[in-house]
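Shown next, in structure tokens, is the structure this report addresses.
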Amino acid sequence: MFQLLRTKHVISFMRWSKFAFAFSSLMIIASVATLAVKGLNFGLDFTGGTLIEVGFEQPANLSEVRAALVKEGFDDATVQNFGSTREVMVRLRPREHVAGEVIGNQIIHAIKFGTGQNVEMRRIEFVGPSVGDELAEAGGMAIIVSLICILLYVSMRFQWRLSAGAVLALAHDVTITLGVFSFLQIEVDLTIVAALLTVVGYSLNDTIVVFDRIRENFRKMRKGSPAEIMDSSITQTLSRTLITSGTTLFVVISLFVKGAPSIHGFALALLLGITVGTYSSIYVASALALKLGITREHLMPPKVEKEGAEFDSLP
């Protein structure tokens, strides 16, 4: 089988675990501090606002539409195609003491004046802040429930020390990703929640592959310390990890560089999550299980005594 990384020597990953823990701790502390001080820049899905659907006679130039809205003072407007190149959706944050119909007329006027096209308002809706609060609560609960379910699944499949390492690694990935979004004040909407859940699933898949090999080697390798067995297991799965992460990152980077501005946040969340998740599968999940005292005895299958075994030793 083709391997991206061929090595006859076992790489001593666990030797650097202390430095990895220090680095991860600094990143977590910085992320939590940033979230506490700056918070997240919630998008319209969570804050509420006005949604306006506009129809064009010719395919719309989104950059031109954005420039026209910024010129008229709508700096917070989110502009994206909806259905076709002639349909554009404009989303705005809530504006106090301004009726939705007035905002709609202002948007239509700004687009007509800035693009020189005749446009038609197809639909206008207002999303209240209470709905946004419900969506924010539902998004947070989705991530928390997924982590709890993962903890239960990995506990049943492996051992609680490994499951604790896996869940803490996933929480590590999500926290650092949100910390970067908070620091850069990138808008967080429902697509970012979807990206975070995707990161959780992706990182868990990588961690499960490593854990499977760790369990197999703990049962097969009779010599060597737990750290040496983990080093061997991670080295054996390293080629698969690099190929999987590399090919996924190619697609995500393409989305980030060439994709529309409306999906930049989604692509950035995946880019950060996959990168941090690949690192955490080695230096957080596995290393934490080792720090919690995982041994060969914890992963050995239980011995099942066959019926009548007590008579086998009789002459």
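Residue numbering restarts at 1 for every chain of the structure tokens, chains are lettered A, B, ... in their displayed order, and ligands are numbered from 1 as they appear.
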Enumerate, in order of chain and increasing residue number, the residues of region 67-145 of chain A with an atom no farther than 10 Å from region 196-200 of chain A, each with its shortest atom pair and distance in Å to one decimal, counting only C-alpha atoms, as a tab-separated table.
```
residue	atom	partner	partner_atom	distance
A:Gly139	CA	A:Leu197	CA	9.6
A:Ala142	CA	A:Leu197	CA	8.2
A:Ile143	CA	A:Leu197	CA	6.5
```
Just N, CA and C atoms for this one: save the residues we selected as a PDB file, in the first residue's frame.
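What ended up in out18.pdb:
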```
ATOM      1  N   GLY A 139     -28.130  26.108  18.751  1.00  0.00           N
ATOM      2  CA  GLY A 139     -26.809  25.806  18.192  1.00  0.00           C
ATOM      3  C   GLY A 139     -25.834  25.364  19.257  1.00  0.00           C
ATOM      4  N   ALA A 142     -26.709  21.905  20.444  1.00  0.00           N
ATOM      5  CA  ALA A 142     -26.347  20.872  19.463  1.00  0.00           C
ATOM      6  C   ALA A 142     -24.905  20.433  19.647  1.00  0.00           C
ATOM      7  N   ILE A 143     -24.013  21.397  19.886  1.00  0.00           N
ATOM      8  CA  ILE A 143     -22.595  21.063  20.086  1.00  0.00           C
ATOM      9  C   ILE A 143     -22.396  20.314  21.403  1.00  0.00           C
TER      10      ILE A 143
END
```
Spatial neighbours of region 206-215 of chain A, 10 Å, only C-alpha atoms, chain gap at least 3 places, as JSON, numbers by chain: {"A": [154, 157, 158, 159, 162, 163, 165, 166, 167, 169, 170, 201, 202, 203, 218, 219, 220, 226, 229, 230, 231, 232, 233, 234, 235, 236, 237, 238, 240, 241, 244, 245, 274, 277, 278, 280, 281, 282, 284, 285, 286, 296, 298, 299, 300]}
Suppose we keep C-alpha atoms; can you now write the selection as a JSON list (two decimals), in the first residue's frame?
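Here's the written file out-v4.json:
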```
[["chain", "number", "residue", "atom", "x", "y", "z"],
["A", 154, "VAL", "CA", -16.26, 6.11, 22.92],
["A", 157, "ARG", "CA", -16.28, 1.16, 22.43],
["A", 158, "PHE", "CA", -12.96, 1.76, 24.16],
["A", 159, "GLN", "CA", -12.18, 2.72, 27.74],
["A", 162, "LEU", "CA", -9.53, 7.14, 25.96],
["A", 163, "SER", "CA", -13.05, 8.58, 25.83],
["A", 165, "GLY", "CA", -9.08, 12.20, 25.95],
["A", 166, "ALA", "CA", -11.27, 12.17, 22.83],
["A", 167, "VAL", "CA", -13.95, 14.50, 24.23],
["A", 169, "ALA", "CA", -9.65, 17.01, 22.36],
["A", 170, "LEU", "CA", -12.93, 17.87, 20.61],
["A", 201, "GLY", "CA", -17.19, 14.60, 13.41],
["A", 202, "TYR", "CA", -14.01, 14.88, 11.35],
["A", 203, "SER", "CA", -11.72, 15.12, 14.36],
["A", 218, "PHE", "CA", -1.62, -2.77, 23.41],
["A", 219, "ARG", "CA", -2.99, -6.29, 22.93],
["A", 220, "LYS", "CA", -0.40, -7.39, 20.38],
["A", 226, "PRO", "CA", 2.47, 2.60, 27.17],
["A", 229, "ILE", "CA", 3.17, 1.64, 22.20],
["A", 230, "MET", "CA", 1.33, 4.91, 21.58],
["A", 231, "ASP", "CA", 4.30, 6.28, 19.61],
["A", 232, "SER", "CA", 4.28, 3.15, 17.47],
["A", 233, "SER", "CA", 0.51, 3.34, 16.92],
["A", 234, "ILE", "CA", 0.54, 7.01, 15.93],
["A", 235, "THR", "CA", 3.48, 6.46, 13.59],
["A", 236, "GLN", "CA", 1.65, 3.59, 11.88],
["A", 237, "THR", "CA", -1.46, 5.74, 11.28],
["A", 238, "LEU", "CA", 0.45, 8.93, 10.42],
["A", 240, "ARG", "CA", -3.37, 7.89, 6.67],
["A", 241, "THR", "CA", -3.82, 11.00, 8.82],
["A", 244, "THR", "CA", -6.85, 12.43, 4.69],
["A", 245, "SER", "CA", -6.20, 15.84, 6.22],
["A", 274, "ILE", "CA", -9.23, 20.34, 10.60],
["A", 277, "GLY", "CA", -8.10, 18.55, 15.00],
["A", 278, "THR", "CA", -5.25, 16.71, 13.30],
["A", 280, "SER", "CA", -5.20, 17.24, 18.81],
["A", 281, "SER", "CA", -5.72, 13.63, 17.75],
["A", 282, "ILE", "CA", -2.04, 13.06, 18.52],
["A", 284, "VAL", "CA", -4.32, 15.97, 23.10],
["A", 285, "ALA", "CA", -6.48, 12.85, 22.83],
["A", 286, "SER", "CA", -3.72, 10.24, 22.97],
["A", 296, "ARG", "CA", -2.25, -2.68, 28.73],
["A", 298, "HIS", "CA", -7.22, -1.56, 30.64],
["A", 299, "LEU", "CA", -7.50, -2.55, 26.97],
["A", 300, "MET", "CA", -7.18, -6.32, 27.21]]
```
Taking only residues of region 134-240 of chain A that have an atom at most 8 Å from an atom of region 29-44 of chain A, what is each one's shortest atom pair and its distance in Å to one decimal, using only C-alpha atoms, in chain and number order, as a Markdown table?
```
| residue | atom | partner | partner_atom | distance |
| --- | --- | --- | --- | --- |
| A:Thr175 | CA | A:Ser31 | CA | 6.6 |
| A:Ile176 | CA | A:Ser31 | CA | 5.6 |
| A:Leu178 | CA | A:Ser31 | CA | 7.3 |
| A:Gly179 | CA | A:Ser31 | CA | 4.0 |
| A:Val180 | CA | A:Ser31 | CA | 7.0 |
| A:Phe181 | CA | A:Leu40 | CA | 7.0 |
| A:Ser182 | CA | A:Leu40 | CA | 4.9 |
| A:Phe183 | CA | A:Thr34 | CA | 6.1 |
| A:Gln185 | CA | A:Asn41 | CA | 5.5 |
| A:Ile186 | CA | A:Asn41 | CA | 6.1 |
| A:Glu187 | CA | A:Asn41 | CA | 4.9 |
| A:Val188 | CA | A:Phe42 | CA | 4.7 |
| A:Asp189 | CA | A:Gly43 | CA | 5.0 |
```
Write the residues of the selection above to a file with all heavy atoms, as an mmCIF file, in the first residue's frame.
```
data_model
loop_
_atom_site.group_PDB
_atom_site.id
_atom_site.type_symbol
_atom_site.label_atom_id
_atom_site.label_comp_id
_atom_site.auth_asym_id
_atom_site.auth_seq_id
_atom_site.Cartn_x
_atom_site.Cartn_y
_atom_site.Cartn_z
ATOM 1 N N THR A 175 -13.099 25.146 21.013
ATOM 2 C CA THR A 175 -12.766 26.358 21.767
ATOM 3 C C THR A 175 -11.756 27.225 21.025
ATOM 4 O O THR A 175 -11.917 28.447 20.936
ATOM 5 C CB THR A 175 -12.210 25.989 23.152
ATOM 6 O OG1 THR A 175 -13.168 25.200 23.858
ATOM 7 C CG2 THR A 175 -11.892 27.233 23.961
ATOM 8 N N ILE A 176 -10.716 26.598 20.479
ATOM 9 C CA ILE A 176 -9.696 27.374 19.761
ATOM 10 C C ILE A 176 -10.279 27.989 18.492
ATOM 11 O O ILE A 176 -10.002 29.156 18.158
ATOM 12 C CB ILE A 176 -8.487 26.480 19.437
ATOM 13 C CG1 ILE A 176 -7.742 26.120 20.737
ATOM 14 C CG2 ILE A 176 -7.536 27.173 18.454
ATOM 15 C CD1 ILE A 176 -6.563 25.208 20.538
ATOM 16 N N LEU A 178 -13.430 28.869 17.954
ATOM 17 C CA LEU A 178 -14.275 29.994 18.357
ATOM 18 C C LEU A 178 -13.425 31.164 18.849
ATOM 19 O O LEU A 178 -13.781 32.332 18.643
ATOM 20 C CB LEU A 178 -15.239 29.555 19.456
ATOM 21 C CG LEU A 178 -16.393 28.647 19.024
ATOM 22 C CD1 LEU A 178 -17.217 28.229 20.228
ATOM 23 C CD2 LEU A 178 -17.274 29.338 17.989
ATOM 24 N N GLY A 179 -12.298 30.853 19.505
ATOM 25 C CA GLY A 179 -11.406 31.913 19.963
ATOM 26 C C GLY A 179 -10.852 32.738 18.812
ATOM 27 O O GLY A 179 -10.764 33.971 18.907
ATOM 28 N N VAL A 180 -10.478 32.067 17.726
ATOM 29 C CA VAL A 180 -9.980 32.784 16.545
ATOM 30 C C VAL A 180 -11.083 33.647 15.939
ATOM 31 O O VAL A 180 -10.854 34.802 15.546
ATOM 32 C CB VAL A 180 -9.427 31.790 15.504
ATOM 33 C CG1 VAL A 180 -9.056 32.510 14.213
ATOM 34 C CG2 VAL A 180 -8.214 31.050 16.061
ATOM 35 N N PHE A 181 -12.304 33.112 15.868
ATOM 36 C CA PHE A 181 -13.430 33.885 15.333
ATOM 37 C C PHE A 181 -13.712 35.102 16.210
ATOM 38 O O PHE A 181 -14.050 36.167 15.698
ATOM 39 C CB PHE A 181 -14.665 32.993 15.227
ATOM 40 C CG PHE A 181 -14.787 32.283 13.918
ATOM 41 C CD1 PHE A 181 -13.947 31.241 13.597
ATOM 42 C CD2 PHE A 181 -15.735 32.669 12.988
ATOM 43 C CE1 PHE A 181 -14.037 30.589 12.391
ATOM 44 C CE2 PHE A 181 -15.851 32.025 11.770
ATOM 45 C CZ PHE A 181 -14.991 30.981 11.460
ATOM 46 N N SER A 182 -13.576 34.933 17.523
ATOM 47 C CA SER A 182 -13.791 36.057 18.426
ATOM 48 C C SER A 182 -12.691 37.108 18.257
ATOM 49 O O SER A 182 -12.972 38.311 18.214
ATOM 50 C CB SER A 182 -13.828 35.562 19.875
ATOM 51 O OG SER A 182 -13.899 36.633 20.780
ATOM 52 N N PHE A 183 -11.451 36.672 18.172
ATOM 53 C CA PHE A 183 -10.329 37.600 18.034
ATOM 54 C C PHE A 183 -10.424 38.405 16.743
ATOM 55 O O PHE A 183 -10.176 39.613 16.732
ATOM 56 C CB PHE A 183 -9.015 36.827 18.082
ATOM 57 C CG PHE A 183 -7.793 37.692 17.954
ATOM 58 C CD1 PHE A 183 -7.358 38.464 19.021
ATOM 59 C CD2 PHE A 183 -7.077 37.729 16.764
ATOM 60 C CE1 PHE A 183 -6.232 39.270 18.901
ATOM 61 C CE2 PHE A 183 -5.953 38.530 16.635
ATOM 62 C CZ PHE A 183 -5.535 39.311 17.712
ATOM 63 N N GLN A 185 -13.196 38.805 15.064
ATOM 64 C CA GLN A 185 -14.555 39.334 14.973
ATOM 65 C C GLN A 185 -15.223 38.972 13.646
ATOM 66 O O GLN A 185 -15.869 39.807 12.996
ATOM 67 C CB GLN A 185 -14.559 40.852 15.192
ATOM 68 C CG GLN A 185 -14.383 41.262 16.642
ATOM 69 C CD GLN A 185 -15.522 40.811 17.536
ATOM 70 O OE1 GLN A 185 -16.626 41.346 17.462
ATOM 71 N NE2 GLN A 185 -15.271 39.799 18.379
ATOM 72 N N ILE A 186 -15.048 37.714 13.268
ATOM 73 C CA ILE A 186 -15.706 37.192 12.063
ATOM 74 C C ILE A 186 -17.139 36.832 12.426
ATOM 75 O O ILE A 186 -17.403 36.263 13.492
ATOM 76 C CB ILE A 186 -14.951 35.969 11.524
ATOM 77 C CG1 ILE A 186 -13.534 36.372 11.124
ATOM 78 C CG2 ILE A 186 -15.681 35.351 10.336
ATOM 79 C CD1 ILE A 186 -12.661 35.210 10.728
ATOM 80 N N GLU A 187 -18.057 37.143 11.551
ATOM 81 C CA GLU A 187 -19.472 36.914 11.832
ATOM 82 C C GLU A 187 -19.766 35.432 11.996
ATOM 83 O O GLU A 187 -19.349 34.607 11.183
ATOM 84 C CB GLU A 187 -20.324 37.505 10.710
ATOM 85 C CG GLU A 187 -21.814 37.459 10.993
ATOM 86 C CD GLU A 187 -22.613 38.155 9.898
ATOM 87 O OE1 GLU A 187 -22.691 39.402 9.924
ATOM 88 O OE2 GLU A 187 -23.144 37.448 9.023
ATOM 89 N N VAL A 188 -20.496 35.105 13.047
ATOM 90 C CA VAL A 188 -20.869 33.724 13.344
ATOM 91 C C VAL A 188 -22.359 33.556 13.060
ATOM 92 O O VAL A 188 -23.193 34.234 13.668
ATOM 93 C CB VAL A 188 -20.567 33.370 14.812
ATOM 94 C CG1 VAL A 188 -21.061 31.960 15.140
ATOM 95 C CG2 VAL A 188 -19.081 33.492 15.096
ATOM 96 N N ASP A 189 -22.691 32.658 12.133
ATOM 97 C CA ASP A 189 -24.082 32.371 11.818
ATOM 98 C C ASP A 189 -24.302 30.860 11.866
ATOM 99 O O ASP A 189 -23.454 30.110 12.356
ATOM 100 C CB ASP A 189 -24.469 32.956 10.457
ATOM 101 C CG ASP A 189 -23.519 32.520 9.345
ATOM 102 O OD1 ASP A 189 -22.823 31.499 9.517
ATOM 103 O OD2 ASP A 189 -23.467 33.200 8.304
#
```
Members of region 62-293 of chain A assigned helix (DSSP H, G or I) by DSSP, as a count of residues only: 175
All strand (DSSP E or B) positions in region 46-218 of chain A, as a VMD selection string: chain A and resid 49 to 56 78 to 82 84 to 92 119 to 127 187 to 188
Top pick for closest residue to Gly114 (chain A), considering A:Lys291, A:Arg66, A:Arg86, A:Arg91 and counting only C-alpha atoms: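 For Gly114 (chain A), the nearest of the given residues is A:Arg66.
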Neighbour list for Gln117 (chain A) as a ChimeraX atom specification, cut-off 12 Å, only C-alpha atoms, skip fewer than 2 positions in-chain: /A:54-61,64-65,68,86,108-115,119-120
Residue neighbourhood Ala267 (chain A), 8 Å, only C-alpha atoms, exclusion window fewer than 2 positions, as a ChimeraX atom specification: /A:195,252-253,255-256,263-265,269-271
